[in-house]
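*Asks:* One structure is given below, represented as structure tokens, and several questions about it will come after.
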Amino acid sequence: PERILSGMQPTGNLHLGNYLGALVNWVKLQDRGAECFYCAVDMHAITMPHDPAELPGAVRSVAAAYMAGGVDPERSSIFAQSAVPAHAELAWILQCVARLGWMERMTQFKDKSGSDRERASVGIFTYPVLMAADILVYKATHVPVGQDQKQHLELARDIAARFMRDYDCEGFWPLPEPIIEGAGTRIMSLKDGNKKMSKSDPSDLARINLTDDADTIARKVKKAKTDPEPLPETVEGLEGRPEAGNLVGIYAALAGSNKEAVIAEFGGQGFGAFKPALAELAVAKLAPVVDEYNRLMGDPAEIDRILEAGAERAREVAAPVLADAKRMVGFWG
Ligand code: TYM
């Protein structure tokens, strides 16, 4: 049977990239009957400077966004990572399995730590090991994420394999398979087709937030950067046109189709025709999600109950896996 684990950082609002790259696939997996664990990774969030007073609210907000996007708390466990201490305990064990050389190859660490490496937290460096623990503590078989997490998932597989070899327990963990699927696995900034859409972009016009109202969504689409050419007649014609490629990809992901189908419909047309169609589709797909998010956020006590119930289930599943791992490495007790 499939068991799914994935998570998002509770830092700022979720955006279209999180939604199309990950959340849409989370819901698909849930709906095909997999056992799903979806956490708000607040332990990852403290690797960067943050405001402690805002973190619990950000966890609630992420939980509400999961549900607004279609995660059903009756079928999937939604919880805060920090509410399940097994993640941290397994992470320590795995830190002693991962090799420095592997960690040094992680490109996200290089991006996030920036030029001032001396001052980056050690947590930013070991971040992918905690991520491996998130996955392995549930013996997850599949991990739905966007393209930017691919390298971290390869590391998680390497860590699992190395643990099983070192401690002679072949088969203890299934090697977790990444699920990086659909037209939205790498959504780019609306202002620069070569930059990933991200929460940290200083320009709010660069992203569509899952909290934007219909007018804002439509306005951002219409203001998105483009080039002067009409859309090409073939998908190959999108090469070297990052902004056009991104908008076509967003349309395809929102429609649940692919770039070929979008080009078949809009090839040869200018952005004057394509952008209004995209804005309309974006509003039709996202406005209900935003409305539901706002409705859920109106009852924080209910979200907290859901997070507590999710954490309870998660702790039950994680406990025996952690206990086995501790025994395998020879811990006392
Ligand atoms: P985070 O919080 O940066 O992003 C959450 C999810 O959204 C995807 N994503 C995107 N997909 C397409 N286009 C984009 N522009 C875009 N931006 C973000 C990410 O790939 C991710 O799937 N380290 C992870 C969180 C994490 C995790 C885990 C994920 C912690 N533990 C265990 C899976 C399994 C992160 O920072 O994601």
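Every chain in the structure tokens has a letter given in the order shown (A, B, ...), and although residue numbers restart at 1 in each chain, ligands are simply numbered from 1 in the order shown.
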Find the residues near ligand 1. Use a cut-off of 6 Å, count only C-alpha atoms and all ligand atoms, and write them as an NGL selection string.
*Replies:* :A and (5-9 or 17-18 or 21-22 or 41 or 131 or 134-135 or 143 or 145-149 or 184-188 or 196-198)
*Asks:* Could the residues in this selection be saved with C-alpha atoms as a PDB file, in the first residue's frame?
*Replies:*
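Written file, selection31.pdb:
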ATOM      1  CA  LEU A   5       4.426  12.152   3.379  1.00  0.00           C
ATOM      2  CA  SER A   6       4.966  15.733   2.358  1.00  0.00           C
ATOM      3  CA  GLY A   7       5.236  19.151   3.938  1.00  0.00           C
ATOM      4  CA  MET A   8       5.484  22.877   3.404  1.00  0.00           C
ATOM      5  CA  GLN A   9       7.194  25.563   5.378  1.00  0.00           C
ATOM      6  CA  GLY A  17       3.860  27.252  -7.091  1.00  0.00           C
ATOM      7  CA  ASN A  18       3.129  25.415  -3.834  1.00  0.00           C
ATOM      8  CA  GLY A  21       3.709  21.923  -7.809  1.00  0.00           C
ATOM      9  CA  ALA A  22       2.662  19.997  -4.723  1.00  0.00           C
ATOM     10  CA  VAL A  41       7.314  21.952   8.832  1.00  0.00           C
ATOM     11  CA  MET A 131      13.565  16.263   5.718  1.00  0.00           C
ATOM     12  CA  ASP A 134      10.215  13.454   8.099  1.00  0.00           C
ATOM     13  CA  ILE A 135       9.803  10.925   5.313  1.00  0.00           C
ATOM     14  CA  VAL A 143       6.705  11.989  -1.646  1.00  0.00           C
ATOM     15  CA  VAL A 145       6.857  17.702  -4.265  1.00  0.00           C
ATOM     16  CA  GLY A 146       7.890  20.324  -6.791  1.00  0.00           C
ATOM     17  CA  GLN A 147      11.034  20.055  -8.898  1.00  0.00           C
ATOM     18  CA  ASP A 148      13.134  22.064  -6.425  1.00  0.00           C
ATOM     19  CA  GLN A 149      12.970  19.261  -3.844  1.00  0.00           C
ATOM     20  CA  GLY A 184       3.249  22.822 -12.584  1.00  0.00           C
ATOM     21  CA  THR A 185       6.334  21.234 -11.049  1.00  0.00           C
ATOM     22  CA  ARG A 186       8.379  24.378 -11.560  1.00  0.00           C
ATOM     23  CA  ILE A 187       6.313  27.569 -11.611  1.00  0.00           C
ATOM     24  CA  MET A 188       8.406  30.659 -12.266  1.00  0.00           C
ATOM     25  CA  LYS A 196      11.382  30.417  -9.301  1.00  0.00           C
ATOM     26  CA  MET A 197       8.103  31.744  -7.905  1.00  0.00           C
ATOM     27  CA  SER A 198       8.848  32.049  -4.194  1.00  0.00           C
TER      28      SER A 198
END
*Asks:* Which polymer residues have any atom within 9 Å of an atom of A:Ala318, counting only C-alpha atoms, with same-chain residues fewer than 5 positions away left out, as a ChimeraX atom specification?
*Replies:* /A:84,86-87,136-139,313,323
*Asks:* With N, CA and C atoms retained, write the just-selected residues as a PDB file, in the first residue's frame.
*Replies:*
ATOM      1  N   VAL A  84       5.435  16.227  16.659  1.00  0.00           N
ATOM      2  CA  VAL A  84       5.797  14.806  16.593  1.00  0.00           C
ATOM      3  C   VAL A  84       7.317  14.704  16.802  1.00  0.00           C
ATOM      4  N   ALA A  86       9.332  12.508  17.228  1.00  0.00           N
ATOM      5  CA  ALA A  86      10.073  11.430  16.549  1.00  0.00           C
ATOM      6  C   ALA A  86      10.856  11.953  15.341  1.00  0.00           C
ATOM      7  N   HIS A  87      10.346  13.011  14.684  1.00  0.00           N
ATOM      8  CA  HIS A  87      11.085  13.568  13.538  1.00  0.00           C
ATOM      9  C   HIS A  87      12.482  14.001  13.987  1.00  0.00           C
ATOM     10  N   LEU A 136      11.166   9.237   6.403  1.00  0.00           N
ATOM     11  CA  LEU A 136      11.478   7.856   6.792  1.00  0.00           C
ATOM     12  C   LEU A 136      10.783   7.449   8.084  1.00  0.00           C
ATOM     13  N   VAL A 137      10.463   8.415   8.940  1.00  0.00           N
ATOM     14  CA  VAL A 137       9.844   8.070  10.220  1.00  0.00           C
ATOM     15  C   VAL A 137       8.439   7.498  10.016  1.00  0.00           C
ATOM     16  N   TYR A 138       7.887   7.704   8.824  1.00  0.00           N
ATOM     17  CA  TYR A 138       6.588   7.079   8.489  1.00  0.00           C
ATOM     18  C   TYR A 138       6.742   5.923   7.502  1.00  0.00           C
ATOM     19  N   LYS A 139       7.980   5.583   7.149  1.00  0.00           N
ATOM     20  CA  LYS A 139       8.188   4.611   6.074  1.00  0.00           C
ATOM     21  C   LYS A 139       7.371   4.996   4.846  1.00  0.00           C
ATOM     22  N   ARG A 313      -2.386  10.851  15.324  1.00  0.00           N
ATOM     23  CA  ARG A 313      -2.233   9.731  14.376  1.00  0.00           C
ATOM     24  C   ARG A 313      -0.783   9.599  13.919  1.00  0.00           C
ATOM     25  N   ALA A 323      11.352   3.538  17.319  1.00  0.00           N
ATOM     26  CA  ALA A 323      11.814   2.549  18.306  1.00  0.00           C
ATOM     27  C   ALA A 323      12.720   1.515  17.639  1.00  0.00           C
TER      28      ALA A 323
END
*Asks:* Pick from A:Ala133, A:Ile124, A:Ala301, A:Ala206: nearest to A:Ala91, with only C-alpha atoms counted?
*Replies:*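 Closest residue, counting only C-alpha atoms: A:Ala133.
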*Asks:* Just want the 8 Å neighbourhood of A:Ala64, counted on only C-alpha atoms, with same-chain residues fewer than 5 positions away dropped. Output as a list of chain:residue names.
*Replies:*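 Neighbouring residues, sequence-local ones excluded: A:Tyr293, A:Leu296, A:Met297, A:Ile303.
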*Asks:* Considering only C-alpha atoms, can you say which of A:Cys169, A:Ile263, A:Ala63, A:Ala83 comes closest to A:Glu302?
*Replies:*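 Ranked by minimum distance to A:Glu302, first place goes to A:Ala63.
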*Asks:* DSSP says strand (DSSP E or B) for which residues of stretch 74-131 of chain A? Put them as number ranges by chain?
*Replies:* A: 76-80
*Asks:* Since we have the selection now, will you write its residues out, keeping all heavy atoms, as a PDB file, in the first residue's frame?
*Replies:*
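The new file out.pdb reads:
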ATOM      1  N   SER A  76      -6.743  12.277   5.639  1.00  0.00           N
ATOM      2  CA  SER A  76      -5.306  12.544   5.676  1.00  0.00           C
ATOM      3  C   SER A  76      -4.954  13.187   7.012  1.00  0.00           C
ATOM      4  O   SER A  76      -5.747  13.953   7.545  1.00  0.00           O
ATOM      5  CB  SER A  76      -4.922  13.504   4.550  1.00  0.00           C
ATOM      6  OG  SER A  76      -5.238  12.962   3.285  1.00  0.00           O
ATOM      7  N   SER A  77      -3.764  12.876   7.519  1.00  0.00           N
ATOM      8  CA  SER A  77      -3.341  13.494   8.780  1.00  0.00           C
ATOM      9  C   SER A  77      -2.640  14.813   8.484  1.00  0.00           C
ATOM     10  O   SER A  77      -1.663  14.844   7.742  1.00  0.00           O
ATOM     11  CB  SER A  77      -2.385  12.569   9.527  1.00  0.00           C
ATOM     12  OG  SER A  77      -3.012  11.327   9.768  1.00  0.00           O
ATOM     13  N   ILE A  78      -3.161  15.879   9.074  1.00  0.00           N
ATOM     14  CA  ILE A  78      -2.561  17.209   8.936  1.00  0.00           C
ATOM     15  C   ILE A  78      -2.021  17.595  10.307  1.00  0.00           C
ATOM     16  O   ILE A  78      -2.751  17.516  11.295  1.00  0.00           O
ATOM     17  CB  ILE A  78      -3.630  18.234   8.490  1.00  0.00           C
ATOM     18  CG1 ILE A  78      -4.240  17.824   7.139  1.00  0.00           C
ATOM     19  CG2 ILE A  78      -3.034  19.645   8.420  1.00  0.00           C
ATOM     20  CD1 ILE A  78      -5.415  18.718   6.708  1.00  0.00           C
ATOM     21  N   PHE A  79      -0.750  17.978  10.384  1.00  0.00           N
ATOM     22  CA  PHE A  79      -0.167  18.236  11.711  1.00  0.00           C
ATOM     23  C   PHE A  79       1.071  19.116  11.594  1.00  0.00           C
ATOM     24  O   PHE A  79       1.594  19.341  10.506  1.00  0.00           O
ATOM     25  CB  PHE A  79       0.205  16.901  12.385  1.00  0.00           C
ATOM     26  CG  PHE A  79       1.212  16.079  11.603  1.00  0.00           C
ATOM     27  CD1 PHE A  79       2.558  16.103  11.936  1.00  0.00           C
ATOM     28  CD2 PHE A  79       0.813  15.307  10.519  1.00  0.00           C
ATOM     29  CE1 PHE A  79       3.494  15.364  11.215  1.00  0.00           C
ATOM     30  CE2 PHE A  79       1.740  14.567   9.780  1.00  0.00           C
ATOM     31  CZ  PHE A  79       3.079  14.594  10.130  1.00  0.00           C
ATOM     32  N   ALA A  80       1.496  19.616  12.773  1.00  0.00           N
ATOM     33  CA  ALA A  80       2.741  20.382  12.839  1.00  0.00           C
ATOM     34  C   ALA A  80       3.889  19.410  13.105  1.00  0.00           C
ATOM     35  O   ALA A  80       3.806  18.559  13.994  1.00  0.00           O
ATOM     36  CB  ALA A  80       2.666  21.418  13.951  1.00  0.00           C
TER      37      ALA A  80
END
*Asks:* Just to confirm, what's the straight-line distance from atom CA of A:Phe271 to atom CA of A:Leu286 in Å (one decimal)?
*Replies:*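 Separation of atom CA of A:Phe271 and atom CA of A:Leu286: 20.9 Å.
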*Asks:* Which polymer residues have any atom within 12 Å of an atom of A:Ala255, counting only C-alpha atoms, with same-chain residues fewer than 4 positions away left out, as a PyMOL selection string?
*Replies:* chain A and resi 20+24+182-184+248-251+259+261-262+277-278+280-286
*Asks:* Can you spit out the residues from that selection as a PDB file, in the first residue's frame, using N, CA and C atoms?
*Replies:*
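This went into part_38.pdb:
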ATOM      1  N   LEU A  20       0.286  24.318  -7.357  1.00  0.00           N
ATOM      2  CA  LEU A  20       0.347  23.505  -8.581  1.00  0.00           C
ATOM      3  C   LEU A  20       1.479  22.480  -8.538  1.00  0.00           C
ATOM      4  N   VAL A  24      -1.792  20.034  -5.386  1.00  0.00           N
ATOM      5  CA  VAL A  24      -2.706  19.361  -6.317  1.00  0.00           C
ATOM      6  C   VAL A  24      -2.419  17.841  -6.347  1.00  0.00           C
ATOM      7  N   GLY A 182       2.968  16.556 -13.493  1.00  0.00           N
ATOM      8  CA  GLY A 182       2.055  17.573 -14.010  1.00  0.00           C
ATOM      9  C   GLY A 182       2.824  18.734 -14.613  1.00  0.00           C
ATOM     10  N   ALA A 183       2.076  19.715 -15.112  1.00  0.00           N
ATOM     11  CA  ALA A 183       2.691  20.840 -15.817  1.00  0.00           C
ATOM     12  C   ALA A 183       3.197  21.907 -14.854  1.00  0.00           C
ATOM     13  N   GLY A 184       2.933  21.739 -13.531  1.00  0.00           N
ATOM     14  CA  GLY A 184       3.249  22.822 -12.584  1.00  0.00           C
ATOM     15  C   GLY A 184       4.381  22.526 -11.635  1.00  0.00           C
ATOM     16  N   VAL A 248       2.205  29.532 -20.209  1.00  0.00           N
ATOM     17  CA  VAL A 248       1.574  28.366 -20.838  1.00  0.00           C
ATOM     18  C   VAL A 248       1.551  27.191 -19.841  1.00  0.00           C
ATOM     19  N   GLY A 249       2.637  27.035 -19.110  1.00  0.00           N
ATOM     20  CA  GLY A 249       2.702  25.967 -18.092  1.00  0.00           C
ATOM     21  C   GLY A 249       1.667  26.176 -16.999  1.00  0.00           C
ATOM     22  N   ILE A 250       1.498  27.421 -16.568  1.00  0.00           N
ATOM     23  CA  ILE A 250       0.507  27.715 -15.524  1.00  0.00           C
ATOM     24  C   ILE A 250      -0.895  27.393 -16.040  1.00  0.00           C
ATOM     25  N   TYR A 251      -1.152  27.799 -17.278  1.00  0.00           N
ATOM     26  CA  TYR A 251      -2.477  27.509 -17.855  1.00  0.00           C
ATOM     27  C   TYR A 251      -2.706  25.994 -17.876  1.00  0.00           C
ATOM     28  N   LYS A 259       1.173  21.351 -21.883  1.00  0.00           N
ATOM     29  CA  LYS A 259       1.522  22.495 -22.737  1.00  0.00           C
ATOM     30  C   LYS A 259       1.101  22.273 -24.190  1.00  0.00           C
ATOM     31  N   ALA A 261      -1.509  20.788 -25.349  1.00  0.00           N
ATOM     32  CA  ALA A 261      -2.937  21.094 -25.512  1.00  0.00           C
ATOM     33  C   ALA A 261      -3.169  22.606 -25.495  1.00  0.00           C
ATOM     34  N   VAL A 262      -2.423  23.308 -24.650  1.00  0.00           N
ATOM     35  CA  VAL A 262      -2.602  24.757 -24.554  1.00  0.00           C
ATOM     36  C   VAL A 262      -2.127  25.427 -25.838  1.00  0.00           C
ATOM     37  N   ALA A 277      -7.707  34.980 -21.003  1.00  0.00           N
ATOM     38  CA  ALA A 277      -8.157  33.590 -20.836  1.00  0.00           C
ATOM     39  C   ALA A 277      -7.493  32.962 -19.612  1.00  0.00           C
ATOM     40  N   LEU A 278      -6.191  33.250 -19.462  1.00  0.00           N
ATOM     41  CA  LEU A 278      -5.459  32.720 -18.310  1.00  0.00           C
ATOM     42  C   LEU A 278      -5.998  33.316 -17.008  1.00  0.00           C
ATOM     43  N   GLU A 280      -8.943  34.434 -16.427  1.00  0.00           N
ATOM     44  CA  GLU A 280     -10.263  33.862 -16.142  1.00  0.00           C
ATOM     45  C   GLU A 280     -10.141  32.453 -15.545  1.00  0.00           C
ATOM     46  N   LEU A 281      -9.260  31.660 -16.143  1.00  0.00           N
ATOM     47  CA  LEU A 281      -9.065  30.296 -15.634  1.00  0.00           C
ATOM     48  C   LEU A 281      -8.491  30.325 -14.216  1.00  0.00           C
ATOM     49  N   ALA A 282      -7.514  31.218 -13.997  1.00  0.00           N
ATOM     50  CA  ALA A 282      -6.876  31.293 -12.676  1.00  0.00           C
ATOM     51  C   ALA A 282      -7.906  31.676 -11.621  1.00  0.00           C
ATOM     52  N   VAL A 283      -8.738  32.641 -11.929  1.00  0.00           N
ATOM     53  CA  VAL A 283      -9.757  33.064 -10.968  1.00  0.00           C
ATOM     54  C   VAL A 283     -10.761  31.931 -10.732  1.00  0.00           C
ATOM     55  N   ALA A 284     -11.183  31.265 -11.826  1.00  0.00           N
ATOM     56  CA  ALA A 284     -12.165  30.181 -11.677  1.00  0.00           C
ATOM     57  C   ALA A 284     -11.622  29.065 -10.787  1.00  0.00           C
ATOM     58  N   LYS A 285     -10.332  28.760 -10.927  1.00  0.00           N
ATOM     59  CA  LYS A 285      -9.756  27.648 -10.158  1.00  0.00           C
ATOM     60  C   LYS A 285      -9.360  28.066  -8.749  1.00  0.00           C
ATOM     61  N   LEU A 286      -8.847  29.295  -8.613  1.00  0.00           N
ATOM     62  CA  LEU A 286      -8.252  29.666  -7.322  1.00  0.00           C
ATOM     63  C   LEU A 286      -9.219  30.379  -6.378  1.00  0.00           C
TER      64      LEU A 286
END
*Asks:* Could you state the separation of atom CA of A:Phe331 and atom CA of A:Pro85 in Å, given to one decimal place?
*Replies:*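 Spanning atom CA of A:Phe331 to atom CA of A:Pro85 is a straight-line distance of 16.8 Å.
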*Asks:* For the atom pair atom CA of A:Lys225 and atom CA of A:Asn209, what is the interatomic distance in Å to one decimal place?
*Replies:*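 Between atom CA of A:Lys225 and atom CA of A:Asn209 the gap is 17.2 Å.
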